[in-house]
Structure formats: structure tokens, C-alpha cells
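Trainee: Pasting a structure here, questions to come.
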Amino acid sequence: MGSAIAADEGATIADEDQVSAMTAFARICFATLLLMLLGLTAAPALAQKLAPDGAPNPTASVTNQKTLLEQAPRIQGRIDIPDVKASVLMQPMGRTWDYFHEVLLHWGGAVVIVGMVAVLALAYLIMGRLRIEAGRSGQTIVRFKAFERFSHWLTAVSFVLLGLTGLNITFGKVLLRPLVGPDLFSDISEIAKYVHNFTSFAFVTGLALITVLFFRDNLLKKVDIDWVKQGGGFIKSKHAPAGRFNLGEKMVYWLSVVAGIAVSASGFVLLFPFYGTDIADMQIAQVAHAVIAILFIALILGHIYIGTLGMEGAFEAMGTGEVDLNWAREHHDRWLAEKLEAEGRQASATPAE
Amino acid sequence: MARMKFLCDADRCIDCNACVTACKNENEVPWGINRRRVVTINDGKPGERSVSMACMHCTDAPCASVCPVKCIYPTEDGIVLHNKDQCIGCGYCFYACPFGAPQYPQVGNFGSRGKMDKCTYCAGGGGPEAPGSAEEYAKYGSNRFGEGKLPMCAEMCSTKSLLAGDGDIIAQLYEERVEKRGYGSGAWGWTTAYHEDVKT
């Protein structure tokens with residue numbers, strides 16, 4: 001093949017040189033020289049392709065796995081069975097994902113959750129339970145209607161179930177398995193897995209309801225800036241004004257909506273494995289699901305604290321749905337004023353003492 | 001102490017899938033489960049190579065590390081076994097496995113994968129069943145290893161491409177082959193599985 005090209009080249013060059021009246025002998029000499037030169041350069045390359053027994057080396061054109069893995073994170077080929085994911089010969093990223101799950105997630109998750117609990121404990125020790133300063137008036141006003149409370153508790157109960165069963169997958173083998181033994185732990189974990197997978201639908205329903213029901217009242221308003229300026233209710237001498245939801249609550253709302261959507265989306269990818277996804281997508285979905293869930297749990301721990309232990313009169317809002325007028329006046333004055341006006345009630349009819 | 005490993009000499013593998021068939025027959029694995037498979041790299045192009053792949057029985061096996069119920073563990077021979085009674089079918093071992101070894105009897109939607117199944121090195125199961133018993137066979141397949149035999153896939157390999165046995169010995173066999181014939185595309189998966197490679 002090399003010689004054919006050389007002859008062609010020789011002929012072309014000779015044709016171009018017709019004007020210079022080259023003799024036939026000179027032409028042959030030139031072509032021969034060219035062939036020899038080409039032969040010299042081609043010879044070492046040819047020698048490299050021979051095995052010691054003189055046969056052509058069959059691995060000369062083989063790319064080894066090191067090179068293949070430098071080109072792409074995994075080695076994929078053709079396989080005779082219809083299972084596409086089986087065509088991935090090697091994916092060393094599996095070890096990286098294992099490192100994420102067993103080291104980064106274990107330590108990161110523990111630090112975030114234990115850290116949040118510690119911060120809340122510290123808040124309780126320093127600030128104590130935030131009391132209704134004026135005391136209870138004995139009169140109440142409806143804050144959350146039955147359907148709103150249903151939506152909240154549907155989301156809340158499913159969130160706690162999802163959180164506990166989800167944490168079990170990461171931390172159960174460290175915390176629960178030594179206590180109950182491997183066999184019982186495995187039974188618990190299998191039930192927990194199905195609880196996790198099917199409670200997800202209740203959570204998504206609750207999340208959708210919450211998002212729609214509380215959307216309007218969580219839009220940022222000018223009063224939120226005043227609320228921050230007045231110390232968000234944490235400075236006792238100052239009164240922080242707020243509408244139905246203060247900026248703290250609005251942040252919980254928006255972060256929950258965003259985290260809820262992200263955790264649901266990644267969760268459904270995990271629920272239907274390898275539907276339009278490959279092994280790397282599944283790993284990314286798991287990492288996203290785990291990281292968002294841990295942060296979400298930390299956020300909701302704060303939400304649970306302020307709604308129960310952290311503040312007097314707050315739990316009733318989602319419990320019975322009715323809050324004390326003095327509580328409403330201290331935390332949601334704008335909302336109370338609007339509400340009383342709408343109901344035609346007199347604010348003065350509710351003495352502080 | 002012997003450390004059991006697999007080594008596929010890709011320069012000898014002819015993609016005949018006899019190892020796959022031998023495995024299926026020896027262990028009577030259900031439909032849809034492929035404990036061993038042959039993947040062809042650069043199919044139809046220069047440098048095409050086929051590699052027979054199953055569980056490599058890794059050192060510091062990532063499947064065992066990631067398992068939320070700790071049902072996967074290495075034996076003293078370096079064989080990675082698992083206890084199906086404890087498996088919850090979460091599918092995490094498949095995400096962690098660098099070689100796509102773990103298999104599940106069901107499709108997997110809503111976490112309904114069933115108990116994980118994978119190559120046992122023909123060494124029976126990691127559960128409480130008596131070695132070599134009918135119960136063990138039904139759940140995990142053959143226990144040739146307990147009879148002093150090597151995995152059926154490697155034993156049946158028509159070109160002796162797939163080697164099984166003590167890691168040092170099969171590495172030496174492969175190195176001798178490479179030295180004699182003058183070429184070799186390497187021990188596929190060894191650096192990932194065992195943190196070490198063959199010398200050539």
C-alpha cells in the first residue's frame with residue numbers, strides 16, 4: 001500500500017516536471033529514491049507491530065483500560081443481552097459513590113443534624129420559651145382552617161416517616177443495628193424501605209397543597225424588611241411587624257417548596273431506576289436526594305422547635321387552628337388587624353390584661 | 001492464605017459466552033439474572049476485545065461497605081458473599097459496584113427488586129444454610145468451592161481466557177503468557193477491584 005502511494009506521488013511530481021525535460025532514466029531514479037525513502041520511514045513502524053514469533057502483534061491497536069478510563073469515567077461496550085446497563089463493563093465511580101455514602105454523608109449528615117439540634121438546644125438555654133408577653137387574652141381567632149391544617153399534617157406526618165426511614169438507610173446500621181441485631185434490623189429496614197417509597201406520594205400531595213394554599217401569603221412584602229430591622233421578634237424591647245407570615249416563616253415556606261420539589265424529583269428517579277437514566281445518573285440522583293434531605297431535615301427541625309417548644313401559643317395555630325388574640329397581636333399584627341376588620345370585630349373588645 | 005480472584009485474558013476471549021452458560025447451568029439462576037456477562041469493547045473496530053465480567057470479589061468491596069444492612073461480607077479467601085435473608089433489595093450495591101455485578105430478580109420500580117443475586121465464586125451462600133445443602137443450592141447455587149473446585153465459568157472457558165484461583169498464581173500465569181506471546185491488554189478491572197495490577 002505504501003509503495004502504491006509512493007508511485008502515485010512519484011508520477012504526479014514527474015508530470016508536473018514535464019517542462020524541465022526530465023529524461024526517462026532520471027524519472028525512474030527519482031521514483032526509486034522516493035520509494036526507498038518511504039520504505040525507510042515505514043520499516044520501524046512495521047517492526048513494532050510484530051510479536052516475537054514474527055506474527056503481527058494483535059494488541060498493537062488495542063486501547064488498554066487505563067487509556068479508556070482516562071477518556072471516559074466508565075468503559076462501555078456491546079453486549080448480547082437486552083439489558084443496556086449490563087453493557088457498562090466497568091465504572092470505578094462506584095467506589096467514589098461508596099466513599100460519598102459511607103464517609104462524606106455519614107459525617108456531613110451527622111454534623112448537620114446534631115449541629116442543628118445543638119443550636120436549638122442552645123437557643124432554648126439562652127432565650128428560653130418565647131412567652132406571650134401580655135399573657136393570654138382568653139379570646140381566640142382562627143388562623144388555619146381545617147383543610148389547611150390537614151394539608152400541613154399530611155405533609156408533616158409523611159415528612160417524619162420519610163425522614164426516619166431515610167435516615168435509617170444511612171445511619172441505621174450504625175445506630176439501630178447494634179441494638180436490635182442484624183436479623184430484626186433487616187426486617188425493620190425492609191419495611192422502612194417500602195414505607196419510604198409509598199409515603200412519598202402522600203408527601204408530594206401534601207407539598208402541592210401547601211404550596212398552593214399558602215402561596216399568596218408567602219410572597220415577599222415591604223413589611224418583611226421592617227420585620228428584619230426590628231430584629232425579627234427576637235429583641236424583646238422591639239415589636240416586629242408581620243402579615244399572616246413573617247419573613248422567618250416565609251423562608252421556611254420557600255426553602256421547603258424548593259427542597260421538597262428537589263427531593264421529590266430525585267426521589268422519583270430513584271423510585272424508577274434506569275428509566276432513561278444510566279448508572280451515573282442514578283448515583284447523582286442519590287447524592288442529590290441525600291444532601292437535600294439532610295438539609296431539609298435540619299430546616300424542619302428548626303421549624304418544629306419554634307412551633308412547639310420554642311414559642312408559647314404557636315402550636316395551637318396548627319393544633320386547633322385558633323390562636324390567642326394577644327399572641328396574634330405580638331407576632332402577626334397586620335394580619336390580625338385585617339382579619340378583625342374582615343370579621344367586623346372590635347380590636348378594643350380584647351383587652352390585653 | 002489464598003486470595004481468590006478472577007482474571008480475564010481479553011486477548012484470548014472469543015465472546016463465546018460459554019462462561020455465561022456454564023454459570024447459569026451450574027447455579028440454575030433465574031431468568032433475567034446474569035451473574036456473568038461478556039462485554040465487547042470497540043465492537044467491529046480495530047482493537048476489538050471481549051471481556052468476561054462478573055463479581056470481581058473486590059478488596060474493600062464497595063458493595064459490602066455501602067450495604068445499609070451489612071449483609072455482604074468477604075470470606076477469609078477473599079470471596080465476597082451475601083446473606084439473602086437480610087438483603088432488603090435497596091439496589092445500593094449495584095450503584096457502588098464498579099463491575100455491574102449485583103442482579104435483582106424483579107424490575108425494581110417502587111423498590112421491588114427482590115433479593116440481590118450475584119456471583120458467589122461457586123462458593124455457596126453467605127446465609128445460615130449448611131454448606132452444600134439443598135437449601136443453600138436453591139438460594140445461592142452451587143458450592144463447588146466447598147468441594148475444593150474452582151468456579152464453573154473459568155473451568156469451562158474454551159480458550160482458557162478466564163482464569164480463577166489464587167490471585168498470585170493466576171497473575172503469574174498471565175504474566176508468563178504475556179512474556180511468551182509478547183503482548184497483553186492487561187488484567188481488566190484489577191486496579192479497580194484489588195488496588196493492584198499484574199506486572200505486565
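Ordering of the C-alpha cells sets the chain letters (A, B, ...), residue numbers begin anew at 1 in every chain, and ligands are numbered from 1 in the order given.
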Would you tabulate, counting only C-alpha atoms, all residues of segment 128-197 of chain A that have an atom at most 7 Å from an atom of segment 71-90 of chain B, showing the closest pair of atoms and their distance in Å to one decimal, sorted by chain then ascending number, as a Markdown table?
Mentor:
| residue | atom | partner | partner_atom | distance |
| --- | --- | --- | --- | --- |
| A:Asp183 | CA | B:Gln86 | CA | 6.2 |
| A:Ser186 | CA | B:Gln86 | CA | 5.2 |
| A:Ser189 | CA | B:Ile88 | CA | 6.9 |
| A:Glu190 | CA | B:Ile88 | CA | 4.9 |
Trainee: Could you work out which residues of chain B fall inside 6 Å of chain A? Count only C-alpha atoms, and format the result as a list in words.
Mentor: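 Residues of chain B within 6 Å of chain A, counting only C-alpha atoms: Val39, Thr40, Ile41, Gly47, Pro62, Val66, Pro68, Val69, Gln86, Ile88, Ala96, Cys97, Pro98, Phe99, Asn109, Phe110, Gly182 and Ser185 of chain B.
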Trainee: How would the residues just chosen look if you wrote them out with C-alpha atoms as an mmCIF file, in the first residue's frame?
Mentor:
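The resulting file, again_19.cif, is shown below:
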data_model
loop_
_atom_site.group_PDB
_atom_site.id
_atom_site.type_symbol
_atom_site.label_atom_id
_atom_site.label_comp_id
_atom_site.auth_asym_id
_atom_site.auth_seq_id
_atom_site.Cartn_x
_atom_site.Cartn_y
_atom_site.Cartn_z
ATOM 1 C CA VAL B 39 -18.900 -7.170 27.054
ATOM 2 C CA THR B 40 -17.235 -6.366 23.744
ATOM 3 C CA ILE B 41 -15.187 -3.190 23.548
ATOM 4 C CA GLY B 47 -8.561 -3.462 18.598
ATOM 5 C CA PRO B 62 -17.721 -1.131 47.881
ATOM 6 C CA VAL B 66 -22.412 0.653 51.194
ATOM 7 C CA PRO B 68 -27.370 -0.471 54.624
ATOM 8 C CA VAL B 69 -27.958 -3.786 56.408
ATOM 9 C CA GLN B 86 -31.061 -9.964 55.351
ATOM 10 C CA ILE B 88 -33.687 -5.582 51.641
ATOM 11 C CA ALA B 96 -21.495 1.065 44.202
ATOM 12 C CA CYS B 97 -20.269 -1.935 42.218
ATOM 13 C CA PRO B 98 -17.611 -0.938 39.656
ATOM 14 C CA PHE B 99 -18.432 -4.047 37.592
ATOM 15 C CA ASN B 109 -39.948 0.041 40.435
ATOM 16 C CA PHE B 110 -41.060 1.233 43.869
ATOM 17 C CA GLY B 182 4.788 -10.752 23.611
ATOM 18 C CA SER B 185 -4.080 -5.915 27.060
#
Trainee: Choose the residue, out of A:Val142, A:Ile225, A:Ala156, A:Leu161, that has the smallest atom-to-atom separation from Leu207 of chain A; count only C-alpha atoms.
Mentor: A:Ala156
Trainee: Name the residues of chain B that fall into strand (DSSP E or B) according to DSSP on the backbone, using the chain letters and numbers of this document, as a PyMOL selection string.
Mentor: chain B and resi 4-9+37-41+49-53+72-74+80-82+103+117+123+143+162-166+187
Trainee: Using only C-alpha atoms, can you tell me which of B:Leu163, B:Cys16, B:Ala193, B:Lys45 comes closest to Cys63 of chain B?
Mentor: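 Looking only at the distances to Cys63 of chain B, the closest residue turns out to be B:Ala193.
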Trainee: Determine, counting only C-alpha atoms, which protein, DNA and RNA residues have an atom within 9 Å of an atom of Ser200 of chain A; residues of the same chain fewer than 5 positions away are not included. Present the result as a compact mmCIF listing (two decimals) with C-alpha atoms, in the first residue's frame.
Mentor:
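Final file, out-v5.txt:
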# COMPACT_ATOMS: atom_id res chain seq x y z
CA SER A 158 -45.21 11.89 55.81
CA PHE A 159 -42.09 14.03 56.23
CA LEU A 162 -39.75 9.69 55.21
CA VAL A 195 -42.85 2.87 53.90
CA THR A 205 -49.65 15.57 47.65
CA SER A 264 -39.27 14.56 45.25
CA GLY A 267 -36.65 10.51 44.75
CA PHE A 268 -38.77 9.57 41.76
Trainee: So the first atom is atom CA of Gly132 of chain B and the second is atom CA of Cys55 of chain B; what is the distance between them in Å, to one decimal place?
Mentor: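 Separating atom CA of Gly132 of chain B from atom CA of Cys55 of chain B is a distance of 20.9 Å.
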Trainee: Using only C-alpha atoms, which protein or nucleic acid residues come within 10 Å of Ile14 of chain B? Drop anything in the same chain fewer than 5 positions from it, and give the result as a PyMOL selection string.
Mentor: chain B and resi 38+40+49-52+157-159+161
Trainee: Have a look at atom CA of Tyr253 of chain A and atom CA of Leu325 of chain A and let me know their distance in Å, one decimal.
Mentor: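 It comes out at 23.6 Å.
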Trainee: So that I can check the surroundings of segment 145-155 of chain B, please list as number ranges by chain every protein, DNA and RNA residue that reaches within 6 Å of it, counting only C-alpha atoms and ignoring chain neighbours fewer than 3 positions away.
Mentor: B: 19, 22-23, 121-123, 162-164
Trainee: Just the helix (DSSP H, G or I) stuff from chain B, please, per backbone DSSP, written as a count of residues only.
Mentor: 58
Trainee: When you draw a straight line from atom CA of Gln103 of chain B to atom CA of Ile169 of chain B, how long is it in Å?
Mentor: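 Result for atom CA of Gln103 of chain B versus atom CA of Ile169 of chain B: 29.1 Å, one decimal.
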Trainee: Just the residues within 7 Å of Gly141 of chain B, please, counting only C-alpha atoms, with nothing from its chain fewer than 3 positions along; format it as a compact mmCIF listing (two decimals) with C-alpha atoms, in the first residue's frame.
Mentor:
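Contents of the output file result_12.txt:
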# COMPACT_ATOMS: atom_id res chain seq x y z
CA ASN B 27 -26.17 -22.35 39.57
CA GLU B 28 -29.61 -22.58 37.95
CA GLY B 124 -22.47 -21.21 48.04
CA GLU B 136 -28.18 -23.31 50.05
CA TYR B 137 -28.29 -24.50 46.45
CA ALA B 138 -31.85 -23.24 45.95
